[in-house]
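Source file: coords-v8.cif. Holds: mmCIF, C-alpha atoms and all ligand atoms.
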```cif
data_final
#
loop_
_atom_site.group_PDB
_atom_site.id
_atom_site.type_symbol
_atom_site.label_atom_id
_atom_site.label_comp_id
_atom_site.auth_asym_id
_atom_site.auth_seq_id
_atom_site.Cartn_x
_atom_site.Cartn_y
_atom_site.Cartn_z
ATOM 1 C CA MET X 1 29.976 -75.771 -3.323
ATOM 2 C CA LEU X 2 32.243 -73.941 -0.980
ATOM 3 C CA LYS X 3 34.283 -76.358 0.956
ATOM 4 C CA ASN X 4 36.748 -73.933 2.392
ATOM 5 C CA PRO X 5 35.437 -72.732 5.804
ATOM 6 C CA LYS X 6 37.422 -69.522 5.417
ATOM 7 C CA LYS X 7 35.609 -68.773 2.184
ATOM 8 C CA GLN X 8 32.259 -69.550 3.833
ATOM 9 C CA LEU X 9 33.059 -67.137 6.632
ATOM 10 C CA THR X 10 33.998 -64.477 4.109
ATOM 11 C CA LEU X 11 30.703 -65.068 2.364
ATOM 12 C CA VAL X 12 28.709 -64.755 5.589
ATOM 13 C CA ILE X 13 30.528 -61.548 6.498
ATOM 14 C CA GLY X 14 29.927 -60.317 2.976
ATOM 15 C CA MET X 15 26.189 -61.023 3.240
ATOM 16 C CA LEU X 16 26.005 -59.345 6.615
ATOM 17 C CA LEU X 17 27.772 -56.355 5.129
ATOM 18 C CA VAL X 18 25.231 -56.203 2.320
ATOM 19 C CA LEU X 19 22.385 -56.342 4.843
ATOM 20 C CA PHE X 20 24.061 -53.669 6.941
ATOM 21 C CA LEU X 21 24.543 -51.364 3.964
ATOM 22 C CA ALA X 22 20.955 -51.957 2.886
ATOM 23 C CA ALA X 23 19.795 -50.910 6.345
ATOM 24 C CA CYS X 24 21.939 -47.785 6.148
ATOM 25 C CA GLY X 25 20.557 -47.085 2.714
ATOM 26 C CA SER X 26 16.981 -47.250 3.862
ATOM 27 C CA GLY X 27 17.955 -45.042 6.806
ATOM 28 C CA SER X 28 19.183 -42.297 4.566
ATOM 29 C CA ASP X 29 16.132 -42.754 2.340
ATOM 30 C CA SER X 30 13.798 -42.016 5.192
ATOM 31 C CA GLU X 31 15.897 -38.999 6.155
ATOM 32 C CA GLU X 32 15.459 -37.691 2.657
ATOM 33 C CA ASN X 33 11.752 -38.279 2.886
ATOM 34 C CA ALA X 34 11.553 -36.377 6.150
ATOM 35 C CA GLU X 35 13.394 -33.499 4.547
ATOM 36 C CA ASP X 36 11.097 -33.581 1.561
ATOM 37 C CA SER X 37 7.991 -33.355 3.629
ATOM 38 C CA SER X 38 9.318 -30.613 5.882
ATOM 39 C CA THR X 39 10.592 -28.424 3.053
ATOM 40 C CA ASN X 40 7.352 -28.802 1.227
ATOM 41 C CA VAL X 41 5.939 -26.263 3.553
ATOM 42 C CA GLY X 42 4.301 -24.462 0.619
ATOM 43 C CA GLU X 43 1.729 -27.204 0.251
ATOM 44 C CA GLU X 44 0.933 -27.113 3.974
ATOM 45 C CA ILE X 45 0.249 -23.385 3.958
ATOM 46 C CA ASP X 46 -1.364 -23.296 0.549
ATOM 47 C CA TYR X 47 1.585 -21.359 -0.936
ATOM 48 C CA THR X 48 0.475 -18.322 1.013
ATOM 49 C CA ILE X 49 2.555 -15.656 2.705
ATOM 50 C CA THR X 50 0.478 -13.983 5.391
ATOM 51 C CA GLY X 51 0.854 -10.284 4.671
ATOM 52 C CA ILE X 52 -0.579 -6.937 5.721
ATOM 53 C CA GLU X 53 -2.298 -3.950 4.064
ATOM 54 C CA PRO X 54 -2.348 -3.859 0.236
ATOM 55 C CA GLY X 55 -0.775 -0.379 0.145
ATOM 56 C CA ALA X 56 2.188 -1.177 2.402
ATOM 57 C CA GLY X 57 5.697 -1.002 1.005
ATOM 58 C CA ILE X 58 6.440 -4.461 2.391
ATOM 59 C CA THR X 59 3.518 -5.908 0.417
ATOM 60 C CA VAL X 60 4.978 -4.536 -2.811
ATOM 61 C CA THR X 61 8.460 -5.826 -1.902
ATOM 62 C CA THR X 62 7.053 -9.271 -1.069
ATOM 63 C CA GLU X 63 5.409 -9.489 -4.466
ATOM 64 C CA LYS X 64 8.807 -8.660 -5.938
ATOM 65 C CA ALA X 65 10.398 -11.391 -3.804
ATOM 66 C CA ILE X 66 7.950 -13.988 -5.142
ATOM 67 C CA GLU X 67 9.024 -13.002 -8.639
ATOM 68 C CA GLU X 68 12.765 -12.749 -7.987
ATOM 69 C CA TYR X 69 12.942 -16.088 -6.146
ATOM 70 C CA GLY X 70 10.784 -17.791 -8.782
ATOM 71 C CA LEU X 71 8.142 -18.782 -6.228
ATOM 72 C CA ASP X 72 5.570 -19.615 -8.872
ATOM 73 C CA GLY X 73 2.161 -20.320 -7.425
ATOM 74 C CA TRP X 74 2.839 -18.378 -4.186
ATOM 75 C CA GLN X 75 0.747 -15.393 -3.179
ATOM 76 C CA VAL X 76 0.731 -12.703 -0.517
ATOM 77 C CA GLU X 77 -2.466 -12.745 1.448
ATOM 78 C CA GLN X 78 -3.305 -9.090 2.029
ATOM 79 C CA SER X 79 -5.405 -8.037 4.956
ATOM 80 C CA SER X 80 -4.201 -5.935 7.857
ATOM 81 C CA THR X 81 -1.322 -5.884 10.296
ATOM 82 C CA ALA X 82 -3.700 -6.821 13.125
ATOM 83 C CA ALA X 83 -5.073 -9.802 11.183
ATOM 84 C CA MET X 84 -1.570 -10.981 10.332
ATOM 85 C CA LEU X 85 -0.524 -10.833 13.976
ATOM 86 C CA THR X 86 -3.584 -12.832 15.021
ATOM 87 C CA GLU X 87 -2.820 -15.507 12.427
ATOM 88 C CA LEU X 88 0.803 -15.585 13.545
ATOM 89 C CA GLU X 89 -0.174 -16.000 17.180
ATOM 90 C CA ASP X 90 -2.633 -18.796 16.339
ATOM 91 C CA ALA X 91 -0.020 -20.618 14.252
ATOM 92 C CA ILE X 92 2.621 -20.342 16.982
ATOM 93 C CA ASN X 93 0.211 -21.544 19.661
ATOM 94 C CA ASN X 94 -0.476 -24.636 17.545
ATOM 95 C CA GLU X 95 3.082 -25.038 16.275
ATOM 96 C CA GLU X 96 1.819 -24.804 12.730
ATOM 97 C CA PRO X 97 3.859 -23.529 9.800
ATOM 98 C CA ILE X 98 3.376 -19.918 8.707
ATOM 99 C CA VAL X 99 5.326 -17.384 6.657
ATOM 100 C CA VAL X 100 4.677 -13.731 7.480
ATOM 101 C CA THR X 101 5.943 -10.339 6.404
ATOM 102 C CA GLY X 102 8.080 -9.100 9.282
ATOM 103 C CA TRP X 103 9.797 -5.850 10.179
ATOM 104 C CA ASN X 104 11.522 -3.850 12.889
ATOM 105 C CA PRO X 105 10.788 -1.573 14.617
ATOM 106 C CA HIS X 106 7.830 -3.678 15.736
ATOM 107 C CA TYR X 107 7.075 -5.660 18.853
ATOM 108 C CA MET X 108 6.439 -8.934 16.970
ATOM 109 C CA PHE X 109 10.022 -10.170 17.496
ATOM 110 C CA THR X 110 9.791 -9.385 21.217
ATOM 111 C CA LYS X 111 6.366 -10.883 21.773
ATOM 112 C CA PHE X 112 7.152 -13.959 19.662
ATOM 113 C CA ASP X 113 10.747 -14.595 20.642
ATOM 114 C CA ASN X 114 10.853 -17.680 18.412
ATOM 115 C CA LEU X 115 10.316 -15.669 15.244
ATOM 116 C CA LYS X 116 13.253 -15.562 12.807
ATOM 117 C CA TYR X 117 13.931 -13.607 9.618
ATOM 118 C CA LEU X 118 14.589 -15.692 6.523
ATOM 119 C CA GLU X 119 17.882 -15.001 4.790
ATOM 120 C CA ASP X 120 17.485 -12.979 1.640
ATOM 121 C CA PRO X 121 20.494 -13.851 -0.544
ATOM 122 C CA LYS X 122 19.095 -11.938 -3.512
ATOM 123 C CA GLY X 123 18.720 -8.799 -1.392
ATOM 124 C CA THR X 124 15.132 -8.159 -2.453
ATOM 125 C CA TYR X 125 14.319 -6.502 0.871
ATOM 126 C CA GLY X 126 17.543 -4.476 0.781
ATOM 127 C CA GLU X 127 19.923 -3.816 3.619
ATOM 128 C CA GLU X 128 19.176 -1.714 6.647
ATOM 129 C CA GLU X 129 16.512 0.913 6.219
ATOM 130 C CA GLN X 130 16.097 4.329 7.738
ATOM 131 C CA ILE X 131 12.910 6.071 8.689
ATOM 132 C CA LYS X 132 13.136 9.597 7.338
ATOM 133 C CA SER X 133 11.458 12.887 8.105
ATOM 134 C CA LEU X 134 10.082 14.992 5.270
ATOM 135 C CA ALA X 135 8.905 18.583 5.286
ATOM 136 C CA ARG X 136 6.867 20.510 2.761
ATOM 137 C CA LYS X 137 8.698 23.171 0.813
ATOM 138 C CA GLY X 138 8.463 26.511 2.578
ATOM 139 C CA LEU X 139 7.970 25.082 6.065
ATOM 140 C CA GLU X 140 11.389 26.289 7.177
ATOM 141 C CA GLU X 141 10.471 29.884 6.310
ATOM 142 C CA ASP X 142 6.852 29.710 7.533
ATOM 143 C CA LYS X 143 7.333 27.855 10.804
ATOM 144 C CA PRO X 144 11.051 27.819 11.578
ATOM 145 C CA ASN X 145 10.671 26.512 15.116
ATOM 146 C CA ALA X 146 8.551 23.547 14.109
ATOM 147 C CA TYR X 147 10.926 22.851 11.246
ATOM 148 C CA LYS X 148 13.930 22.942 13.569
ATOM 149 C CA LEU X 149 12.337 20.609 16.086
ATOM 150 C CA ILE X 150 11.265 18.095 13.448
ATOM 151 C CA ASP X 151 14.706 18.297 11.837
ATOM 152 C CA GLN X 152 16.364 17.591 15.198
ATOM 153 C CA PHE X 153 14.045 14.697 16.102
ATOM 154 C CA ASN X 154 15.888 11.414 16.090
ATOM 155 C CA TRP X 155 15.745 8.339 18.248
ATOM 156 C CA THR X 156 16.572 4.642 18.274
ATOM 157 C CA LEU X 157 14.869 1.470 17.166
ATOM 158 C CA GLU X 158 14.705 0.429 20.837
ATOM 159 C CA ASP X 159 12.941 3.675 21.776
ATOM 160 C CA MET X 160 10.252 3.114 19.176
ATOM 161 C CA GLU X 161 9.834 -0.606 19.876
ATOM 162 C CA GLY X 162 9.604 0.110 23.593
ATOM 163 C CA ILE X 163 6.530 2.248 23.057
ATOM 164 C CA MET X 164 4.991 -0.243 20.630
ATOM 165 C CA TYR X 165 5.553 -3.173 22.967
ATOM 166 C CA GLU X 166 4.255 -1.356 26.024
ATOM 167 C CA SER X 167 1.120 -0.356 24.172
ATOM 168 C CA ALA X 168 0.501 -3.844 22.731
ATOM 169 C CA GLU X 169 1.228 -5.766 25.936
ATOM 170 C CA ASN X 170 -0.776 -3.573 28.262
ATOM 171 C CA GLY X 171 -3.543 -2.609 25.865
ATOM 172 C CA LYS X 172 -2.704 1.062 26.326
ATOM 173 C CA ASP X 173 -3.251 3.655 23.653
ATOM 174 C CA ILE X 174 -0.064 4.596 21.809
ATOM 175 C CA ALA X 175 -0.765 8.311 22.285
ATOM 176 C CA GLU X 176 -0.852 7.814 26.040
ATOM 177 C CA VAL X 177 2.316 5.687 26.115
ATOM 178 C CA SER X 178 4.088 8.219 23.879
ATOM 179 C CA LYS X 179 3.246 11.084 26.248
ATOM 180 C CA GLN X 180 4.665 9.105 29.125
ATOM 181 C CA TRP X 181 7.797 8.366 27.071
ATOM 182 C CA VAL X 182 8.344 12.108 26.540
ATOM 183 C CA GLU X 183 8.073 12.650 30.294
ATOM 184 C CA ASP X 184 10.533 9.822 30.978
ATOM 185 C CA ASN X 185 13.153 10.937 28.421
ATOM 186 C CA PRO X 186 13.965 14.587 29.110
ATOM 187 C CA ASP X 187 17.526 14.275 27.769
ATOM 188 C CA LYS X 188 16.422 13.245 24.286
ATOM 189 C CA VAL X 189 13.669 15.831 24.274
ATOM 190 C CA ALA X 190 16.230 18.513 25.271
ATOM 191 C CA GLU X 191 18.318 17.620 22.209
ATOM 192 C CA TRP X 192 15.360 17.936 19.856
ATOM 193 C CA THR X 193 14.244 21.265 21.318
ATOM 194 C CA GLU X 194 17.686 22.857 21.437
ATOM 195 C CA GLY X 195 17.392 26.349 19.970
ATOM 196 C CA VAL X 196 13.626 25.946 19.451
ATOM 197 C CA GLU X 197 11.669 28.925 20.760
ATOM 198 C CA ASP X 198 8.213 28.692 22.300
ATOM 199 C CA VAL X 199 5.328 29.784 20.100
ATOM 200 C CA ASP X 200 1.765 30.753 20.839
ATOM 201 C CA GLY X 201 -0.716 28.439 19.171
ATOM 202 C CA VAL X 202 0.917 28.079 15.746
ATOM 203 C CA SER X 203 -0.835 25.208 13.979
ATOM 204 C CA ILE X 204 1.117 22.337 12.492
ATOM 205 C CA GLU X 205 -0.083 19.235 10.676
ATOM 206 C CA LEU X 206 1.868 15.990 10.808
ATOM 207 C CA VAL X 207 0.865 13.607 8.065
ATOM 208 C CA SER X 208 1.387 10.030 9.139
ATOM 209 C CA THR X 209 0.515 6.448 8.272
ATOM 210 C CA PRO X 210 -1.697 4.145 10.329
ATOM 211 C CA TRP X 211 1.050 1.748 11.510
ATOM 212 C CA ASP X 212 1.919 1.640 15.207
ATOM 213 C CA SER X 213 5.540 2.600 14.479
ATOM 214 C CA GLU X 214 4.428 5.878 12.933
ATOM 215 C CA ARG X 215 1.709 6.409 15.507
ATOM 216 C CA ALA X 216 4.478 6.269 18.100
ATOM 217 C CA SER X 217 6.804 8.767 16.394
ATOM 218 C CA ALA X 218 3.980 11.137 15.438
ATOM 219 C CA ASN X 219 2.580 11.156 18.968
ATOM 220 C CA VAL X 220 5.981 11.676 20.582
ATOM 221 C CA VAL X 221 6.826 14.619 18.321
ATOM 222 C CA ALA X 222 3.281 15.995 18.637
ATOM 223 C CA GLU X 223 3.616 15.976 22.415
ATOM 224 C CA VAL X 224 6.938 17.853 22.307
ATOM 225 C CA LEU X 225 5.570 20.362 19.770
ATOM 226 C CA THR X 226 2.528 20.882 21.986
ATOM 227 C CA GLN X 227 4.792 21.594 24.948
ATOM 228 C CA LYS X 228 6.466 24.289 22.826
ATOM 229 C CA GLY X 229 3.097 25.918 22.201
ATOM 230 C CA PHE X 230 2.071 24.438 18.838
ATOM 231 C CA GLU X 231 -1.443 23.295 17.975
ATOM 232 C CA VAL X 232 -0.754 19.885 16.461
ATOM 233 C CA THR X 233 -2.913 17.737 14.209
ATOM 234 C CA ILE X 234 -1.890 14.208 13.244
ATOM 235 C CA THR X 235 -3.498 12.999 10.018
ATOM 236 C CA PRO X 236 -3.072 9.269 9.317
ATOM 237 C CA VAL X 237 -3.370 8.464 5.626
ATOM 238 C CA ASP X 238 -2.409 5.819 3.123
ATOM 239 C CA ILE X 239 1.317 5.858 2.404
ATOM 240 C CA ALA X 240 0.905 7.127 -1.186
ATOM 241 C CA VAL X 241 -1.300 9.952 0.071
ATOM 242 C CA MET X 242 1.296 10.868 2.703
ATOM 243 C CA PHE X 243 3.933 11.655 0.088
ATOM 244 C CA GLU X 244 1.424 13.507 -2.050
ATOM 245 C CA ALA X 245 0.179 15.612 0.872
ATOM 246 C CA ILE X 246 3.690 16.779 1.766
ATOM 247 C CA ALA X 247 4.513 17.436 -1.896
ATOM 248 C CA ASN X 248 1.302 19.462 -2.368
ATOM 249 C CA GLY X 249 1.810 21.339 0.866
ATOM 250 C CA ASP X 250 -1.488 20.010 2.278
ATOM 251 C CA GLY X 251 0.430 18.760 5.296
ATOM 252 C CA ASP X 252 3.497 20.292 6.938
ATOM 253 C CA ALA X 253 5.736 17.341 7.689
ATOM 254 C CA SER X 254 5.925 13.568 8.050
ATOM 255 C CA LEU X 255 8.136 11.240 10.063
ATOM 256 C CA ALA X 256 7.035 8.129 8.188
ATOM 257 C CA ALA X 257 9.200 7.540 5.079
ATOM 258 C CA TRP X 258 10.934 4.132 5.099
ATOM 259 C CA MET X 259 13.910 4.272 2.751
ATOM 260 C CA PRO X 260 15.768 3.404 0.573
ATOM 261 C CA ARG X 261 13.620 0.426 -0.494
ATOM 262 C CA THR X 262 10.219 0.291 1.158
ATOM 263 C CA HIS X 263 8.738 3.595 -0.006
ATOM 264 C CA GLU X 264 11.126 4.125 -2.896
ATOM 265 C CA GLU X 265 8.425 4.337 -5.561
ATOM 266 C CA PHE X 266 6.409 7.016 -3.769
ATOM 267 C CA TYR X 267 9.551 8.880 -2.799
ATOM 268 C CA LYS X 268 10.730 9.023 -6.399
ATOM 269 C CA ASP X 269 7.328 10.202 -7.632
ATOM 270 C CA PHE X 270 7.389 13.284 -5.414
ATOM 271 C CA GLU X 271 11.092 13.748 -4.703
ATOM 272 C CA ASP X 272 11.379 17.213 -6.277
ATOM 273 C CA ASN X 273 8.552 18.599 -4.219
ATOM 274 C CA PHE X 274 9.511 18.010 -0.597
ATOM 275 C CA VAL X 275 12.490 18.575 1.684
ATOM 276 C CA ASP X 276 14.240 15.436 2.973
ATOM 277 C CA LEU X 277 15.307 16.067 6.573
ATOM 278 C CA GLY X 278 17.247 12.817 6.835
ATOM 279 C CA ALA X 279 16.844 9.841 9.143
ATOM 280 C CA ASN X 280 14.947 10.034 12.410
ATOM 281 C CA LEU X 281 15.746 6.336 13.041
ATOM 282 C CA ASP X 282 18.455 3.987 11.767
ATOM 283 C CA GLY X 283 18.600 0.204 11.592
ATOM 284 C CA ALA X 284 15.069 -0.620 10.472
ATOM 285 C CA LYS X 285 14.682 -3.995 8.784
ATOM 286 C CA LEU X 286 12.131 -5.847 6.669
ATOM 287 C CA GLY X 287 11.786 -9.358 5.352
ATOM 288 C CA LEU X 288 9.954 -12.648 5.541
ATOM 289 C CA ALA X 289 9.788 -14.353 8.905
ATOM 290 C CA VAL X 290 8.850 -17.811 10.203
ATOM 291 C CA PRO X 291 8.759 -19.440 13.650
ATOM 292 C CA GLU X 292 11.985 -21.190 14.674
ATOM 293 C CA TYR X 293 10.309 -24.605 14.818
ATOM 294 C CA MET X 294 10.326 -24.484 11.011
ATOM 295 C CA GLU X 295 13.894 -25.718 11.282
ATOM 296 C CA ASP X 296 14.502 -26.450 7.608
ATOM 297 C CA ILE X 297 13.332 -23.048 6.424
ATOM 298 C CA ASN X 298 16.099 -20.525 6.946
ATOM 299 C CA SER X 299 16.233 -18.696 3.647
ATOM 300 C CA ILE X 300 13.652 -17.455 1.158
ATOM 301 C CA GLU X 301 15.401 -19.916 -1.163
ATOM 302 C CA ASP X 302 14.152 -22.797 1.026
ATOM 303 C CA LEU X 303 10.582 -22.049 -0.086
ATOM 304 C CA GLU X 304 9.703 -24.016 -3.173
ATOM 305 C CA ALA X 305 7.590 -23.128 -6.167
ATOM 306 C CA LYS X 306 4.243 -24.898 -6.497
HETATM 307 N N1 LIG X 401 5.636 -1.109 7.523
HETATM 308 C C1 LIG X 401 5.579 -0.319 8.747
HETATM 309 C C2 LIG X 401 5.250 -0.095 6.516
HETATM 310 C C3 LIG X 401 5.900 1.142 6.924
HETATM 311 C C4 LIG X 401 5.774 1.090 8.381
HETATM 312 C C5 LIG X 401 6.965 -1.621 7.378
HETATM 313 C C6 LIG X 401 4.639 -2.159 7.596
HETATM 314 C C7 LIG X 401 5.332 -0.456 5.043
HETATM 315 O O1 LIG X 401 5.061 0.392 4.201
HETATM 316 O O2 LIG X 401 5.622 -1.600 4.707
#
```

What's the structure tokens form of this structure?
Amino acid sequence: MLKNPKKQLTLVIGMLLVLFLAACGSGSDSEENAEDSSTNVGEEIDYTITGIEPGAGITVTTEKAIEEYGLDGWQVEQSSTAAMLTELEDAINNEEPIVVTGWNPHYMFTKFDNLKYLEDPKGTYGEEEQIKSLARKGLEEDKPNAYKLIDQFNWTLEDMEGIMYESAENGKDIAEVSKQWVEDNPDKVAEWTEGVEDVDGVSIELVSTPWDSERASANVVAEVLTQKGFEVTITPVDIAVMFEAIANGDGDASLAAWMPRTHEEFYKDFEDNFVDLGANLDGAKLGLAVPEYMEDINSIEDLEAK
């Protein structure tokens, strides 16, 4: 028996302290639980990254990312860019989790201003990319004015995204928006056409890919070439076919090579058989992206294997 009131008081304080610590303990337990359930986003989205076309460079890189980050059980759902954007919009409208393949230039980060790139500490998606122009061998000799213009074509990420956004928001055809852009940007056009002489109906074929980014650049350059008197054809093909067509000389030039990572494999396959005219755009970027309300997912490393 404790007869000493001081000791009894100490005991009561001690018991209260134990209760208090227990309460704190259960508090931090439930925090851990909350974290567990929010980071287990994989289960909620069926371990699926919503991707785009099977042939796209970003699809190949995303498969590599799954491997390099040890995301066993995860898969890239391949469909189309349009389908991915619809799924992204639906998810955002319902505040549901989603992981998508994301890139710039594209309007997705403007339209969905709560979209964030996931950090990529392993560097699977590489650093900044460039979009490069390629010409077939012999183009410089055969069609020097077209070659010069294409070689001098270069613009910014904002230029390209502006056209893409305008087209997507207002439901206008990219070709139409691109024409208008050429009219509104005489200074840039003057730089590209410096020293380029007018021709009379010389035909030129631009081989492109079906993405809006490349539809924008191809249509802008086609419009300027047309103004210089060229007869321009734009042929959209699968990315692998694009490189092959320039290497074989089936097409004259392309503005659609994303390097050094995205189209690396195709580039290497045909590298000896085309002329690299350098970047027409700097600062392109690719990666995985999620809506900002997925607060605990900030890095690819925050995704967990199945
Ligand atoms: N993209 C847009 C393409 C190139 C243009 C990034 C989706 C890709 O090959 O991944």

Once you count only C-alpha atoms, what closest atom pair and distance in Å to one decimal does each residue of segment 40-119 of chain X within 10 Å of segment 260-271 of chain X have, with rows by chain and rising residue number, as JSON lines?
```
{"residue": "X:Ala56", "atom": "CA", "partner": "X:Thr262", "partner_atom": "CA", "distance": 8.3}
{"residue": "X:Gly57", "atom": "CA", "partner": "X:Thr262", "partner_atom": "CA", "distance": 4.7}
{"residue": "X:Ile58", "atom": "CA", "partner": "X:Thr262", "partner_atom": "CA", "distance": 6.2}
{"residue": "X:Thr59", "atom": "CA", "partner": "X:Thr262", "partner_atom": "CA", "distance": 9.2}
{"residue": "X:Val60", "atom": "CA", "partner": "X:Thr262", "partner_atom": "CA", "distance": 8.2}
{"residue": "X:Thr61", "atom": "CA", "partner": "X:Thr262", "partner_atom": "CA", "distance": 7.1}
```

Next item on the list: Determine, counting all atoms listed in the file, every residue of protein, DNA or RNA that lies within 10 Å of (5.1, -9.3, 24.0) in the file coordinates, then give the result as a PyMOL selection string.
Entry: chain X and resi 107-113+164-170

With C-alpha atoms retained, export the selected residues as a CSV table (one decimal), in the coordinates of the input.
```csv
chain,number,residue,atom,x,y,z
X,107,TYR,CA,7.1,-5.7,18.9
X,108,MET,CA,6.4,-8.9,17.0
X,109,PHE,CA,10.0,-10.2,17.5
X,110,THR,CA,9.8,-9.4,21.2
X,111,LYS,CA,6.4,-10.9,21.8
X,112,PHE,CA,7.2,-14.0,19.7
X,113,ASP,CA,10.7,-14.6,20.6
X,164,MET,CA,5.0,-0.2,20.6
X,165,TYR,CA,5.6,-3.2,23.0
X,166,GLU,CA,4.3,-1.4,26.0
X,167,SER,CA,1.1,-0.4,24.2
X,168,ALA,CA,0.5,-3.8,22.7
X,169,GLU,CA,1.2,-5.8,25.9
X,170,ASN,CA,-0.8,-3.6,28.3
```

Given only C-alpha atoms and all ligand atoms, how would the per-residue table for chain X near ligand LIG 401 (chain X) read, listing every residue at most 9 Å away with its closest atom pair and distance in Å to one decimal, sorted by chain and number, as CSV?
```
residue,atom,partner,partner_atom,distance
X:Ile52,CA,X:LIG401,C6,7.3
X:Glu53,CA,X:LIG401,C6,8.0
X:Gly55,CA,X:LIG401,O1,7.1
X:Ala56,CA,X:LIG401,O1,3.7
X:Gly57,CA,X:LIG401,O1,3.5
X:Ile58,CA,X:LIG401,O2,3.8
X:Thr59,CA,X:LIG401,O2,6.4
X:Val60,CA,X:LIG401,O2,8.1
X:Thr61,CA,X:LIG401,O2,8.3
X:Thr81,CA,X:LIG401,C6,7.5
X:Thr101,CA,X:LIG401,C6,8.4
X:Gly102,CA,X:LIG401,C5,7.8
X:Trp103,CA,X:LIG401,C5,5.8
X:Asn104,CA,X:LIG401,C5,7.5
X:Pro105,CA,X:LIG401,C1,7.9
X:His106,CA,X:LIG401,C1,8.1
X:Ile131,CA,X:LIG401,C4,8.7
X:Thr209,CA,X:LIG401,C4,7.5
X:Pro210,CA,X:LIG401,C4,8.3
X:Trp211,CA,X:LIG401,C1,5.7
X:Asp212,CA,X:LIG401,C1,7.7
X:Ser213,CA,X:LIG401,C4,6.3
X:Glu214,CA,X:LIG401,C4,6.7
X:Ile239,CA,X:LIG401,O1,6.9
X:Ala256,CA,X:LIG401,C4,7.2
X:Ala257,CA,X:LIG401,C3,7.4
X:Trp258,CA,X:LIG401,C3,6.1
X:Thr262,CA,X:LIG401,O1,6.0
X:His263,CA,X:LIG401,O1,6.4
X:Ala284,CA,X:LIG401,C5,8.7
X:Lys285,CA,X:LIG401,C5,8.2
X:Leu286,CA,X:LIG401,C5,6.7
```

Next item on the list: May I ask for the distance between atom CA of Glu205 of chain X and atom CA of Lys148 of chain X, given in Å to one decimal place?
Entry: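 Computing it gives 14.8 Å between the two atoms.
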
Item checked: Residue nearest Ile49 of chain X among X:Ile92, X:Val182, X:Leu85, X:Ile98 (counting all atoms listed in the file) -> X:Ile98

Next item on the list: Select, counting only C-alpha atoms, all protein, DNA and RNA residues no farther than 12 Å from (3.5, -20.5, 16.0) in file coordinates, and express the selection as a list in words.
Entry: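 These residues have at least one counted atom within 12 Å: Leu85, Thr86, Glu87, Leu88, Glu89, Asp90, Ala91, Ile92, Asn93, Asn94, Glu95, Glu96, Pro97, Ile98, Val99, Val100, Met108, Lys111, Phe112, Asp113, Asn114, Leu115, Lys116, Ala289, Val290, Pro291, Glu292, Tyr293 and Met294 of chain X.
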
Next item on the list: Quick one: pull the distance between atom CA of Leu118 of chain X and atom CA of Lys132 of chain X, Å, one decimal.
Entry: 25.3 Å

Margin query: When the PyMOL selection byres (((chain X and resi 134) around 10) and not hetatm) is applied to the structure above, which residues does it catch, written out as a list in words?
Written below: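 Residues picked by the PyMOL selection byres (((chain X and resi 134) around 10) and not hetatm): Ile131, Lys132, Ser133, Ala135, Arg136, Lys137, Tyr147, Ile150, Asp151, Leu206, Val207, Phe243, Ile246, Ala247, Asp252, Ala253, Ser254, Leu255, Ala256, Ala257, Phe274, Val275, Asp276, Leu277, Gly278, Ala279 and Asn280 of chain X.
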
Margin query: One number please: atom CA of Thr235 of chain X to atom CA of Glu128 of chain X, in Å, one decimal.
Written below: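 Atom CA of Thr235 of chain X sits 27.2 Å away from atom CA of Glu128 of chain X.
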
Next item on the list: Using all atoms listed in the file, determine which residues lie at most 10 Å from segment 142-146 of chain X, disregarding the query and same-chain residues fewer than 2 positions distant; provide the list as a VMD selection string.
Entry: chain X and resid 137 to 140 148 to 152 193 195 to 199 202 to 204 225 228 230 252 to 253

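If you measure from each of X:Gln180, X:Thr62, X:Ser217, X:Gln75 to Thr48 of chain X using all atoms listed in the file, the closest one turns out to be X:Gln75.
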
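The closest residue to Asn154 of chain X, picked from X:Val221, X:Glu43, X:Lys64, X:Lys172 and counting only C-alpha atoms, is X:Val221.
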